[in-house]
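Novice: I have a structure here, written as C-alpha coordinates, and I will follow up with some questions on it.
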Amino acid sequence: MKWRLIVFLTFSCVNFSFSQENEVILAAIRDQIEIIDSYMESDVFSLDPEEFLDQIADHGAELNGYYEHERLKKIVRNIGMPNAMVITVFYFWNDQLIHVDYKQRQYMERKSEEGKVVMDYSNAFTKFESKHFFDKGKEIEKMTTGIPVNNIEPEQVFVDYSLRMKSLLDNKFKNRNVYEALQGKWINVQFPDEHMIFEETIRFNFRDGKFLKRLKVKIKNDVMYCSSPKDEYVYRYKIESLTPDDLVVVDLQNASSNLIMYKKVE
(Lines give C-alpha, C1' and ligand atoms only; values in the text may rest on other atoms or scores of the structure.)
Protein backbone atom coordinates (compact mmCIF):
# COMPACT_ATOMS: atom_id res chain seq x y z
CA MET A 1 0.00 0.00 0.00
CA LYS A 2 2.89 2.28 0.86
CA TRP A 3 4.52 1.88 -2.58
CA ARG A 4 1.27 2.85 -4.28
CA LEU A 5 1.18 6.08 -2.29
CA ILE A 6 4.79 6.82 -3.28
CA VAL A 7 4.02 6.22 -6.99
CA PHE A 8 0.92 8.42 -6.78
CA LEU A 9 2.79 11.27 -5.09
CA THR A 10 5.67 11.03 -7.58
CA PHE A 11 3.24 11.08 -10.52
CA SER A 12 1.40 14.07 -9.04
CA CYS A 13 4.63 16.00 -8.52
CA VAL A 14 5.77 15.34 -12.09
CA ASN A 15 2.41 16.46 -13.49
CA PHE A 16 2.45 19.59 -11.33
CA SER A 17 5.97 20.40 -12.51
CA PHE A 18 5.01 20.00 -16.20
CA SER A 19 1.89 22.11 -15.61
CA GLN A 20 3.91 24.92 -14.04
CA GLU A 21 6.45 24.80 -16.87
CA ASN A 22 3.69 24.98 -19.51
CA GLU A 23 2.11 27.97 -17.78
CA VAL A 24 5.42 29.83 -17.94
CA ILE A 25 5.82 28.96 -21.62
CA LEU A 26 2.21 29.93 -22.42
CA ALA A 27 2.65 33.28 -20.68
CA ALA A 28 5.75 33.96 -22.78
CA ILE A 29 3.92 32.97 -25.99
CA ARG A 30 1.03 35.32 -25.22
CA ASP A 31 3.51 38.16 -24.72
CA GLN A 32 5.16 37.30 -28.05
CA ILE A 33 1.78 37.29 -29.83
CA GLU A 34 1.04 40.78 -28.47
CA ILE A 35 4.43 42.02 -29.68
CA ILE A 36 3.87 40.57 -33.17
CA ASP A 37 0.37 42.06 -33.41
CA SER A 38 1.75 45.46 -32.39
CA TYR A 39 4.01 45.75 -35.45
CA MET A 40 2.72 48.58 -37.64
CA GLU A 41 5.10 48.71 -40.63
CA SER A 42 5.70 45.08 -41.61
CA ASP A 43 6.83 44.13 -45.11
CA VAL A 44 4.07 42.02 -46.67
CA PHE A 45 4.72 39.27 -49.20
CA SER A 46 2.03 37.11 -50.77
CA LEU A 47 1.67 33.68 -52.32
CA ASP A 48 -0.65 33.07 -55.27
CA PRO A 49 -3.48 30.57 -54.58
CA GLU A 50 -1.77 28.09 -56.93
CA GLU A 51 1.27 28.13 -54.63
CA PHE A 52 -0.52 27.05 -51.45
CA LEU A 53 -3.73 25.33 -52.62
CA ASP A 54 -4.19 22.01 -54.42
CA GLN A 55 -7.39 23.29 -56.01
CA ILE A 56 -8.96 26.70 -56.57
CA ALA A 57 -11.15 27.95 -53.69
CA ASP A 58 -14.85 28.60 -54.33
CA HIS A 59 -14.76 32.20 -53.16
CA GLY A 60 -11.15 33.26 -53.43
CA ALA A 61 -8.05 32.66 -51.36
CA GLU A 62 -5.01 34.60 -50.23
CA LEU A 63 -1.93 34.02 -48.11
CA ASN A 64 0.18 36.90 -46.80
CA GLY A 65 3.43 36.80 -44.86
CA TYR A 66 4.39 39.68 -42.56
CA TYR A 67 8.10 40.43 -42.07
CA GLU A 68 9.71 42.55 -39.38
CA HIS A 69 13.46 43.00 -39.03
CA GLU A 70 14.06 40.59 -41.96
CA ARG A 71 12.18 37.74 -40.23
CA LEU A 72 8.76 36.24 -40.86
CA LYS A 73 6.52 36.95 -37.88
CA LYS A 74 3.03 36.08 -39.08
CA ILE A 75 1.15 34.33 -41.90
CA VAL A 76 -2.51 35.13 -42.55
CA ARG A 77 -4.35 32.70 -44.82
CA ASN A 78 -7.95 33.19 -46.01
CA ILE A 79 -9.81 30.50 -47.97
CA GLY A 80 -13.33 31.07 -49.27
CA MET A 81 -15.25 27.82 -48.88
CA PRO A 82 -18.80 27.30 -50.25
CA ASN A 83 -20.46 28.24 -46.95
CA ALA A 84 -17.74 29.87 -44.86
CA MET A 85 -14.50 31.83 -44.88
CA VAL A 86 -11.71 29.89 -43.16
CA ILE A 87 -9.12 32.22 -41.63
CA THR A 88 -5.88 30.86 -40.19
CA VAL A 89 -3.20 33.01 -38.56
CA PHE A 90 0.23 31.51 -37.89
CA TYR A 91 2.63 33.24 -35.47
CA PHE A 92 6.41 32.72 -35.50
CA TRP A 93 9.10 33.60 -32.98
CA ASN A 94 12.76 33.01 -33.79
CA ASP A 95 11.61 31.15 -36.94
CA GLN A 96 9.56 28.66 -34.90
CA LEU A 97 5.77 28.27 -34.96
CA ILE A 98 4.38 29.36 -31.57
CA HIS A 99 0.66 29.90 -32.14
CA VAL A 100 -2.18 29.24 -34.60
CA ASP A 101 -5.57 30.92 -34.50
CA TYR A 102 -8.00 28.98 -36.73
CA LYS A 103 -11.52 30.31 -37.47
CA GLN A 104 -14.48 29.15 -39.51
CA ARG A 105 -16.62 32.20 -40.27
CA GLN A 106 -19.97 31.08 -41.68
CA TYR A 107 -21.62 33.30 -44.28
CA MET A 108 -24.88 34.95 -43.31
CA GLU A 109 -28.04 34.30 -45.30
CA ARG A 110 -30.23 36.90 -47.00
CA LYS A 111 -33.19 37.03 -49.34
CA SER A 112 -32.55 37.78 -52.99
CA GLU A 113 -34.73 40.06 -55.09
CA GLU A 114 -36.56 36.93 -56.23
CA GLY A 115 -37.32 36.02 -52.63
CA LYS A 116 -34.85 33.10 -52.49
CA VAL A 117 -32.56 32.52 -49.52
CA VAL A 118 -28.95 32.96 -50.65
CA MET A 119 -25.53 33.32 -49.02
CA ASP A 120 -24.36 36.84 -48.19
CA TYR A 121 -20.61 36.56 -48.78
CA SER A 122 -19.99 40.06 -47.45
CA ASN A 123 -21.25 39.15 -43.96
CA ALA A 124 -20.10 36.29 -41.76
CA PHE A 125 -19.86 35.27 -38.11
CA THR A 126 -17.36 33.08 -36.29
CA LYS A 127 -19.07 29.76 -35.71
CA PHE A 128 -15.96 27.78 -34.74
CA GLU A 129 -12.52 28.76 -33.49
CA SER A 130 -9.53 26.82 -32.22
CA LYS A 131 -6.36 28.23 -30.68
CA HIS A 132 -3.16 26.17 -30.66
CA PHE A 133 0.06 26.90 -28.76
CA PHE A 134 3.38 25.30 -29.69
CA ASP A 135 6.77 24.91 -28.07
CA LYS A 136 9.71 23.45 -30.02
CA GLY A 137 7.40 22.00 -32.66
CA LYS A 138 4.99 20.33 -30.23
CA GLU A 139 1.48 21.44 -29.33
CA ILE A 140 1.27 22.20 -25.61
CA GLU A 141 -2.19 23.76 -25.40
CA LYS A 142 -5.41 23.76 -27.44
CA MET A 143 -8.67 25.62 -26.87
CA THR A 144 -11.83 25.41 -28.98
CA THR A 145 -15.11 27.32 -28.99
CA GLY A 146 -18.27 26.84 -31.04
CA ILE A 147 -19.32 24.14 -33.49
CA PRO A 148 -17.63 23.49 -36.87
CA VAL A 149 -19.46 24.60 -40.01
CA ASN A 150 -21.20 21.79 -41.88
CA ASN A 151 -18.94 19.94 -44.33
CA ILE A 152 -15.76 21.67 -43.12
CA GLU A 153 -13.46 19.48 -41.07
CA PRO A 154 -11.35 21.61 -38.69
CA GLU A 155 -7.62 21.44 -39.31
CA GLN A 156 -5.60 19.65 -36.66
CA VAL A 157 -2.04 19.53 -38.01
CA PHE A 158 -0.22 22.82 -38.54
CA VAL A 159 3.53 22.59 -37.93
CA ASP A 160 4.71 20.94 -41.17
CA TYR A 161 2.34 23.02 -43.30
CA SER A 162 3.36 26.30 -41.67
CA LEU A 163 7.06 25.58 -42.15
CA ARG A 164 6.44 24.72 -45.80
CA MET A 165 4.62 28.01 -46.37
CA LYS A 166 7.36 29.82 -44.44
CA SER A 167 9.97 28.34 -46.76
CA LEU A 168 8.08 29.60 -49.83
CA LEU A 169 7.63 33.07 -48.35
CA ASP A 170 11.23 33.29 -47.12
CA ASN A 171 12.45 32.42 -50.61
CA LYS A 172 10.26 35.15 -52.10
CA PHE A 173 11.40 37.65 -49.46
CA LYS A 174 15.11 36.86 -49.82
CA ASN A 175 14.97 37.05 -53.64
CA ARG A 176 12.39 39.85 -53.81
CA ASN A 177 14.54 42.05 -56.06
CA VAL A 178 14.99 39.23 -58.59
CA TYR A 179 11.29 38.34 -58.63
CA GLU A 180 10.38 41.99 -59.02
CA ALA A 181 12.80 42.44 -61.92
CA LEU A 182 11.42 39.34 -63.69
CA GLN A 183 7.82 40.58 -63.75
CA GLY A 184 6.45 41.22 -67.23
CA LYS A 185 6.83 39.92 -70.79
CA TRP A 186 10.15 38.70 -72.22
CA ILE A 187 10.91 37.92 -75.88
CA ASN A 188 13.51 35.28 -76.78
CA VAL A 189 16.13 37.20 -78.81
CA GLN A 190 17.31 34.13 -80.76
CA PHE A 191 13.79 32.84 -81.38
CA PRO A 192 11.42 35.86 -81.48
CA ASP A 193 8.36 33.61 -81.91
CA GLU A 194 8.87 32.47 -78.31
CA HIS A 195 8.13 34.59 -75.27
CA MET A 196 7.39 34.19 -71.56
CA ILE A 197 5.38 36.19 -69.04
CA PHE A 198 6.16 36.32 -65.33
CA GLU A 199 3.35 37.00 -62.87
CA GLU A 200 4.53 36.83 -59.26
CA THR A 201 6.20 33.38 -59.02
CA ILE A 202 4.44 31.89 -62.05
CA ARG A 203 5.99 31.70 -65.53
CA PHE A 204 3.84 31.30 -68.65
CA ASN A 205 5.53 30.06 -71.85
CA PHE A 206 4.21 30.96 -75.33
CA ARG A 207 5.14 30.11 -78.93
CA ASP A 208 3.66 31.78 -82.01
CA GLY A 209 1.24 33.55 -79.69
CA LYS A 210 -0.11 30.27 -78.34
CA PHE A 211 0.10 29.21 -74.70
CA LEU A 212 2.47 26.29 -74.09
CA LYS A 213 3.08 25.75 -70.40
CA ARG A 214 2.59 27.20 -66.95
CA LEU A 215 5.45 26.79 -64.48
CA LYS A 216 6.02 27.60 -60.83
CA VAL A 217 9.28 29.47 -60.30
CA LYS A 218 11.64 29.30 -57.35
CA ILE A 219 14.89 31.28 -57.22
CA LYS A 220 17.81 29.89 -55.26
CA ASN A 221 21.45 30.95 -55.51
CA ASP A 222 20.79 32.69 -58.86
CA VAL A 223 19.26 29.53 -60.30
CA MET A 224 15.68 29.61 -61.58
CA TYR A 225 13.86 26.35 -60.80
CA CYS A 226 10.73 25.96 -62.94
CA SER A 227 8.30 23.11 -62.26
CA SER A 228 4.87 22.05 -63.46
CA PRO A 229 2.29 20.14 -61.38
CA LYS A 230 1.42 18.13 -64.51
CA ASP A 231 4.91 16.65 -64.83
CA GLU A 232 7.45 16.12 -62.08
CA TYR A 233 10.34 17.47 -64.15
CA VAL A 234 12.16 20.57 -62.89
CA TYR A 235 13.74 22.92 -65.42
CA ARG A 236 16.84 24.73 -64.16
CA TYR A 237 18.26 27.97 -65.55
CA LYS A 238 21.31 29.82 -64.24
CA ILE A 239 20.72 33.57 -64.24
CA GLU A 240 23.87 35.08 -65.74
CA SER A 241 22.60 38.65 -65.82
CA LEU A 242 19.36 40.51 -65.18
CA THR A 243 18.69 44.18 -65.89
CA PRO A 244 15.43 46.12 -66.28
CA ASP A 245 15.53 45.35 -70.03
CA ASP A 246 17.64 42.21 -70.52
CA LEU A 247 17.78 38.69 -69.12
CA VAL A 248 20.50 36.14 -69.88
CA VAL A 249 20.25 32.55 -68.63
CA VAL A 250 21.99 29.22 -69.17
CA ASP A 251 19.92 26.06 -69.59
CA LEU A 252 21.45 23.72 -66.98
CA GLN A 253 19.69 20.72 -68.53
CA ASN A 254 21.93 21.07 -71.59
CA ALA A 255 25.57 21.49 -70.64
CA SER A 256 26.54 22.39 -74.22
CA SER A 257 23.76 24.94 -74.68
CA ASN A 258 24.57 28.55 -75.46
CA LEU A 259 23.30 31.51 -73.51
CA ILE A 260 19.60 32.20 -73.87
CA MET A 261 18.89 35.93 -74.16
CA TYR A 262 15.59 37.69 -73.54
CA LYS A 263 14.45 41.26 -74.10
CA LYS A 264 11.75 42.79 -71.91
CA VAL A 265 8.92 44.31 -73.92
CA GLU A 266 6.22 44.98 -71.29
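Residues are referred to by chain and number: the chain letter is A, B, ... according to the order shown in the C-alpha coordinates, the number counts from 1 in that chain, and ligands are numbered separately from 1 in the order shown.
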DSSP on the backbone: what in stretch 71-153 of chain A comes out strand (DSSP E), as number ranges by chain?
Specialist: A: 71-80, 84-93, 96-111, 117-135, 138-146
Novice: Name all residues at most 10 Å from A:Ile75 (count only C-alpha atoms; drop same-chain ones fewer than 4 positions away) and give them as JSON, numbers by chain.
Specialist: {"A": [44, 45, 46, 63, 64, 65, 66, 67, 88, 89, 90, 91, 92, 100, 162, 165, 166, 169]}
Novice: Hey, can you check how far atom CA of A:Ser112 sits from atom CA of A:Asn83?
Specialist: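 The value is 16.5 Å.
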Novice: I'd like the interatomic distance between atom CA of A:Val217 and atom CA of A:Ile260, to a tenth of an Å.
Specialist: 17.3 Å
Novice: Could you give me, as a list of chain:residue names, the residues within 6 Å of A:Met224, counting only C-alpha atoms and dropping anything in the same chain fewer than 5 positions from it?
Specialist: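 Returned residues: A:Lys218, A:Ile219, A:Arg236, A:Tyr237.
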Novice: Could you tell me which of A:Glu200, A:Leu97, A:Ala84, A:Lys238 comes closest to A:Glu109 if we count only C-alpha atoms?
Specialist: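 Nearest candidate to A:Glu109 out of A:Glu200, A:Leu97, A:Ala84, A:Lys238: A:Ala84.
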Novice: So, with only C-alpha atoms as the atoms that count, which of A:Lys131, A:Lys263, A:Lys172, A:Tyr179 lies closest to A:Met196?
Specialist: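 Using only C-alpha atoms, A:Met196 sits closest to A:Lys263.
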Novice: Which residue is closest to A:Phe52? Choose from A:Ile98, A:Arg77, A:Pro154, A:Gly184 and count only C-alpha atoms.
Specialist: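 Counting only C-alpha atoms, the residue closest to A:Phe52 is A:Arg77.
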Novice: Write out as a PyMOL selection string the set of residues from stretch 76-217 of chain A that DSSP, computed on the backbone, places in alpha helix (DSSP H).
Specialist: chain A and resi 159-174+176-182
Novice: With only C-alpha atoms as the basis for distance, which of A:Val149, A:Ala181, A:Ile87, A:Val118 is at the shortest distance from A:Thr243?
Specialist: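 For A:Thr243, the nearest of the given residues is A:Ala181.
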